[in-house]
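Trainee: Structure below; questions to follow.
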Amino acid sequence: MKILVAVKRVIDYNVKVRVKADRSDVDLANVKMALNPFCEIAVEEAVRLKEQGVASEIVVVSIGQKSCEEQLRTALALGADRAIRVDVENAPDALSIARLLAKVAEQEQPGLILLGKQSIDSDNNQTGQMLAALLNRPQATFASEVKLDGDSLVVTREVDGGLQTLKLNLPAVVTTDLRLNEPRYASLPNIMKAKKKPLEVKSSADLGVEVTAKVKLMSVEPPAERSAGIKVGSVAELVDKLRNEAKVIA
Amino acid sequence: MSILVLAEHDNQQLKPVTLNVLAAAKQLSGDVTLLVAGHNCAAVTEQAAKVEGVSQVWIADAPAYEHHLAENVSALLVDLAEPFTHLLAASTTTGKNILPRTAALLGVNPLTDILAVESDKCFKRAIYAGNAIATVEIDEAKVLMTVRGTAFDPVAAEGGSATIKTLDSVFQNADISFSHEALAESDRPELTAASIVVSGGRGLGNGENFNLLYQVADKLGAAVGASRAAVDAGYVPNDMQVGQTGKMVAPELYIAVGISGAIQHLAGMKDSKVIVAINKDEEAPIFQVADYGLVADLFEAVPELQNSL
């Protein structure tokens, strides 16, 4: 079975983002970029399925400018076999991203498509669901366990009240939650090897998708700051303040 | 304008977050229809019909909708979408699973987790783990979005008198089926709906020590949450996680016990009205957002707190 993994280049999760002075966007100049953490978990899961003999080939795909080839190389170093970059100029909207990925999936015919549940920049949590819809395939979002059972896939999902387990016919789309696995670190020999693995570039025109941008970013502002309050000296003082000053307990 | 809101429920009760989503719908000032898709969910329909500001309740009652599978519910939504300008759902694991799928089927871009309604096409939402708030304008014929419940004050659960319409069409996708679920059983209120939340972090040391928090919570009628550190350490299950990667809460009172206050945790609770931090490390970042900070050993302070309530 072939696995397709879609990945995204985002700001490194350790970087504290700042809003630009003109409030047009956040400031990404000279900021460290990385593979989105949830995407890394998706790559790791694909590699584990390959190690178990379930998957035969892992293809990673990313949509973006040349810079995102860096993250594709990271995925190749983690164990993916080949990479595809879909070249786009400006930031496409979510539906265009899903349409581009759907075209790639139609060409590649994977048995399973893995994605992170959301990217840590736009925090949308949409792409996997939209891709599954466009391909008319079942979806299992927020996965914490993925198992192959004959021809079907058994996925446990992290839902608000606990865990839900679904059975899906393949091909299927799965998005990863944090506890699915702990991604490995790429070893130096694998990083070297990754440089020689195939990386193909396609354009949106090659895929026959008209890229749109129907969600316009009007402005970005920093969140309301919360200021520190007071330190209390004892539990008794705390209870007194909560009861008589804040009036939040009876 | 006319708005379709997907009700959040467990086939027995309408989840309170639905009232928050309806508050967002109210700001769009259109006719509001509430869709209850479930199975054996007559009680939910009854509650839904009483909610303030709902003109119609549509009920789709079939086994296919029992577990709110995205494949089936989104097919239903697509079937119903035609007369509506806006389709709203709660920004829960259910809403976030269903709504983007529906949007793609309708050929539009969805919006996730909106915090404010600026106009019928312009909304605010958090990006970068809540470190920035974006104002976005959407150019689509239909606006599909999930709503962060804690960002809107709920509409009244009583006082409405909606007409009820039963829907017959059933959509069942043959490629997916529900297997089983393991839902946390608790008499405590739900995290995202509780007016008081007591949360524990790595400072608790192990899962057993969370009993200290459960005891305080039960005296206060509070829900119990946890930081990602406590979840990652295996002290408590993930559905208790408060933070960017867990649940967003904004209760009247949030008590953080043994939580250092990582950015990702703060993103999930900093909209709480009053924040209390109990931590023995006086340099912990949690104190920078706390209204009341107590520098103390939690193993002494928490039992003392319990006794003084």
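Identifiers for the structure tokens are assigned positionally: chains receive A, B, ... in sequence, residues are indexed from 1 per chain, and ligands are indexed from 1 in the order shown.
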Can you work out which residues from chain A touch chain B at a cut-off of 7 Å (counting only C-alpha atoms) and hand them back as JSON, numbers by chain?
Mentor: {"A": [17, 19, 94, 95, 120, 121, 122, 123, 124, 126, 129, 130, 133, 134, 138, 141, 159, 160, 161, 162, 163, 164, 165, 166, 167, 168, 169, 214, 215, 216, 217, 218, 219, 220, 221, 222, 223, 226, 227, 228, 229, 230, 231, 232, 233, 234, 235, 248]}
Trainee: Keeping only N, CA and C atoms, write the selected residues to a file as a CSV table (one decimal), in the first residue's frame.
Mentor:
chain,number,residue,atom,x,y,z
A,17,VAL,N,5.7,34.4,18.3
A,17,VAL,CA,5.3,35.2,17.1
A,17,VAL,C,5.0,36.6,17.5
A,19,VAL,N,3.3,40.4,16.1
A,19,VAL,CA,2.5,41.0,15.0
A,19,VAL,C,3.3,42.2,14.5
A,94,ALA,N,-7.9,27.5,1.7
A,94,ALA,CA,-8.0,26.1,2.1
A,94,ALA,C,-8.6,25.2,1.1
A,95,LEU,N,-9.6,25.7,0.4
A,95,LEU,CA,-10.2,24.9,-0.6
A,95,LEU,C,-9.3,24.6,-1.8
A,120,ILE,N,0.1,24.8,13.0
A,120,ILE,CA,0.2,25.7,14.2
A,120,ILE,C,0.3,27.2,13.8
A,121,ASP,N,0.2,27.5,12.5
A,121,ASP,CA,0.2,28.9,12.1
A,121,ASP,C,-1.2,29.4,12.0
A,122,SER,N,-2.0,28.8,11.0
A,122,SER,CA,-3.3,29.3,10.8
A,122,SER,C,-4.3,28.6,11.7
A,123,ASP,N,-3.9,27.5,12.3
A,123,ASP,CA,-4.8,26.8,13.3
A,123,ASP,C,-6.2,26.5,12.7
A,124,ASN,N,-6.2,26.1,11.5
A,124,ASN,CA,-7.5,25.9,10.8
A,124,ASN,C,-8.2,24.5,11.1
A,126,GLN,N,-8.7,21.9,8.9
A,126,GLN,CA,-9.7,21.8,7.8
A,126,GLN,C,-9.2,20.8,6.7
A,129,GLN,N,-10.2,17.0,6.3
A,129,GLN,CA,-11.7,16.8,6.2
A,129,GLN,C,-12.1,17.2,4.7
A,130,MET,N,-11.5,18.3,4.2
A,130,MET,CA,-11.9,18.8,2.9
A,130,MET,C,-11.4,17.9,1.8
A,133,ALA,N,-13.5,14.9,1.6
A,133,ALA,CA,-14.8,15.2,1.0
A,133,ALA,C,-14.6,15.2,-0.6
A,134,LEU,N,-13.5,15.9,-1.0
A,134,LEU,CA,-13.3,16.0,-2.5
A,134,LEU,C,-13.0,14.7,-3.1
A,138,PRO,N,-13.8,8.1,3.2
A,138,PRO,CA,-14.1,8.4,4.6
A,138,PRO,C,-12.9,9.0,5.3
A,141,THR,N,-10.5,11.9,11.8
A,141,THR,CA,-9.7,13.0,12.3
A,141,THR,C,-9.2,12.8,13.7
A,159,VAL,N,-11.8,12.5,20.9
A,159,VAL,CA,-13.0,13.4,20.9
A,159,VAL,C,-13.2,14.1,22.2
A,160,ASP,N,-14.0,15.1,22.3
A,160,ASP,CA,-14.2,15.9,23.5
A,160,ASP,C,-14.5,15.0,24.7
A,161,GLY,N,-15.3,14.0,24.6
A,161,GLY,CA,-15.7,13.3,25.8
A,161,GLY,C,-14.8,12.1,26.1
A,162,GLY,N,-13.8,11.8,25.2
A,162,GLY,CA,-12.9,10.6,25.5
A,162,GLY,C,-12.4,10.1,24.2
A,163,LEU,N,-12.6,8.8,23.9
A,163,LEU,CA,-12.1,8.2,22.7
A,163,LEU,C,-13.2,7.5,21.9
A,164,GLN,N,-13.1,7.7,20.6
A,164,GLN,CA,-14.1,7.0,19.7
A,164,GLN,C,-13.3,6.2,18.6
A,165,THR,N,-13.8,5.0,18.4
A,165,THR,CA,-13.1,4.1,17.4
A,165,THR,C,-14.0,3.9,16.2
A,166,LEU,N,-13.4,4.1,15.0
A,166,LEU,CA,-14.2,4.0,13.8
A,166,LEU,C,-13.5,2.9,12.9
A,167,LYS,N,-14.3,2.3,12.0
A,167,LYS,CA,-13.7,1.4,11.0
A,167,LYS,C,-14.0,2.0,9.6
A,168,LEU,N,-12.9,2.1,8.9
A,168,LEU,CA,-13.0,2.8,7.6
A,168,LEU,C,-12.5,1.8,6.5
A,169,ASN,N,-13.2,1.9,5.3
A,169,ASN,CA,-12.8,1.2,4.2
A,169,ASN,C,-11.7,2.0,3.5
A,214,LYS,N,-10.0,33.2,-1.3
A,214,LYS,CA,-11.3,33.8,-1.0
A,214,LYS,C,-11.4,34.2,0.5
A,215,VAL,N,-10.4,33.9,1.2
A,215,VAL,CA,-10.4,34.3,2.6
A,215,VAL,C,-9.3,35.4,2.8
A,216,LYS,N,-9.8,36.6,2.9
A,216,LYS,CA,-8.8,37.7,2.9
A,216,LYS,C,-8.4,38.1,4.3
A,217,LEU,N,-7.1,38.2,4.6
A,217,LEU,CA,-6.7,38.7,5.9
A,217,LEU,C,-6.7,40.2,5.9
A,218,MET,N,-7.6,40.7,6.7
A,218,MET,CA,-7.8,42.2,6.7
A,218,MET,C,-6.8,42.8,7.7
A,219,SER,N,-6.6,42.3,8.8
A,219,SER,CA,-5.6,42.8,9.8
A,219,SER,C,-5.3,41.7,10.9
A,220,VAL,N,-4.2,42.0,11.6
A,220,VAL,CA,-3.8,41.1,12.6
A,220,VAL,C,-3.5,41.9,13.8
A,221,GLU,N,-4.0,41.5,15.0
A,221,GLU,CA,-3.7,42.3,16.2
A,221,GLU,C,-3.2,41.4,17.3
A,222,PRO,N,-2.4,41.9,18.2
A,222,PRO,CA,-1.9,41.0,19.3
A,222,PRO,C,-3.1,40.8,20.2
A,223,PRO,N,-3.2,39.6,20.9
A,223,PRO,CA,-4.3,39.4,21.8
A,223,PRO,C,-4.3,40.4,23.0
A,226,ARG,N,-3.1,40.2,29.4
A,226,ARG,CA,-3.7,40.0,30.8
A,226,ARG,C,-2.6,40.5,31.7
A,227,SER,N,-2.9,41.3,32.6
A,227,SER,CA,-1.9,41.8,33.5
A,227,SER,C,-1.9,41.0,34.8
A,228,ALA,N,-0.8,40.8,35.4
A,228,ALA,CA,-0.7,40.1,36.6
A,228,ALA,C,-1.4,40.8,37.7
A,229,GLY,N,-2.1,40.0,38.6
A,229,GLY,CA,-2.8,40.6,39.7
A,229,GLY,C,-1.9,40.7,41.0
A,230,ILE,N,-2.4,40.2,42.0
A,230,ILE,CA,-1.7,40.3,43.3
A,230,ILE,C,-1.3,38.9,43.8
A,231,LYS,N,-0.3,38.9,44.7
A,231,LYS,CA,0.1,37.7,45.4
A,231,LYS,C,-0.6,37.7,46.7
A,232,VAL,N,-1.2,36.6,47.1
A,232,VAL,CA,-1.8,36.5,48.4
A,232,VAL,C,-0.8,35.7,49.3
A,233,GLY,N,-0.9,35.9,50.6
A,233,GLY,CA,0.0,35.3,51.5
A,233,GLY,C,-0.4,33.9,52.0
A,234,SER,N,-1.7,33.6,52.0
A,234,SER,CA,-2.2,32.4,52.6
A,234,SER,C,-3.4,31.9,51.9
A,235,VAL,N,-3.8,30.7,52.2
A,235,VAL,CA,-5.0,30.1,51.6
A,235,VAL,C,-6.2,30.9,52.1
A,248,VAL,N,-16.5,35.1,43.2
A,248,VAL,CA,-16.7,34.0,42.3
A,248,VAL,C,-17.0,32.7,43.0
Trainee: Contacts of Ile97 (chain A) at 8 Å or less, counting only C-alpha atoms, minus same-chain residues fewer than 4 places along, as a PyMOL selection string?
Mentor: chain A and resi 63+92-93+101+127
Trainee: Using DSSP secondary structure from the backbone, list all alpha helix (DSSP H) positions within region 36-237 of chain A, as a ChimeraX atom specification.
Mentor: /A:37-51,69-78,94-108,127-135,188-194,204-207,235-237
Trainee: Pick out the residues sitting within 9 Å of Leu76 (chain A), and hand them over as a list in words; count only C-alpha atoms, and ignore anything fewer than 6 positions along from it in its own chain.
Mentor: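 Counting only the stated atoms, we get Val59, Val60, Arg82, Ala83, Asn190, Ile191, Lys193, Ala194, Lys195 and Lys197 of chain A.
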Trainee: Can you tell me, as a list of chain:residue names, what residues are no more than 8 Å from Ala89 (chain B) when counting only C-alpha atoms, ignoring any on the same chain fewer than 5 positions away?
Mentor: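 In the requested format, the answer is B:Val5, B:Leu6, B:Ala7, B:Glu8, B:Thr18, B:Val21, B:Gly95, B:Lys96, B:Leu99, B:Met145, B:Thr146, B:Val147.
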Trainee: Please return as a list in words: the residues of region 193-295 of chain B that backbone DSSP assigns to strand (DSSP E).
Mentor: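 Here are the strand (DSSP E) residues of region 193-295 of chain B: Ile196, Val197, Val198, Ser199, Gly200, Ala223, Val224, Gly225, Ala226, Leu253, Tyr254, Ile255, Ala256, Val257, Val274, Ile275, Val276, Ala277, Ile278, Asn279, Tyr292, Gly293, Leu294 and Val295 of chain B.
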Trainee: Restricted to C-alpha atoms, what would the selected residues look like written as a CSV table (one decimal), in the first residue's frame?
Mentor:
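So the final result, stored in selection.csv, reads:
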chain,number,residue,atom,x,y,z
B,196,ILE,CA,-15.3,26.9,37.7
B,197,VAL,CA,-12.4,24.8,36.5
B,198,VAL,CA,-9.6,23.4,38.7
B,199,SER,CA,-6.6,22.3,36.7
B,200,GLY,CA,-3.5,20.4,37.6
B,223,ALA,CA,-14.7,20.6,36.4
B,224,VAL,CA,-11.2,19.3,36.5
B,225,GLY,CA,-8.7,20.0,33.8
B,226,ALA,CA,-5.0,19.4,33.2
B,253,LEU,CA,-12.9,31.1,38.0
B,254,TYR,CA,-9.9,29.1,36.9
B,255,ILE,CA,-7.6,27.6,39.5
B,256,ALA,CA,-4.3,26.5,38.1
B,257,VAL,CA,-2.5,24.1,40.5
B,274,VAL,CA,-10.7,35.2,37.4
B,275,ILE,CA,-7.5,33.2,37.4
B,276,VAL,CA,-5.9,31.8,40.5
B,277,ALA,CA,-2.4,30.2,40.5
B,278,ILE,CA,-1.0,28.0,43.2
B,279,ASN,CA,2.6,27.1,42.5
B,292,TYR,CA,-4.5,35.9,42.6
B,293,GLY,CA,-1.2,34.1,43.0
B,294,LEU,CA,-0.3,31.9,45.9
B,295,VAL,CA,3.3,30.8,46.2
Trainee: Grab the CA of Ile249 (chain A) to CA of Gly221 (chain B) distance for me, in Å with one decimal place.
Mentor: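 Atom-to-atom, CA of Ile249 (chain A) and CA of Gly221 (chain B) are spaced 10.1 Å apart.
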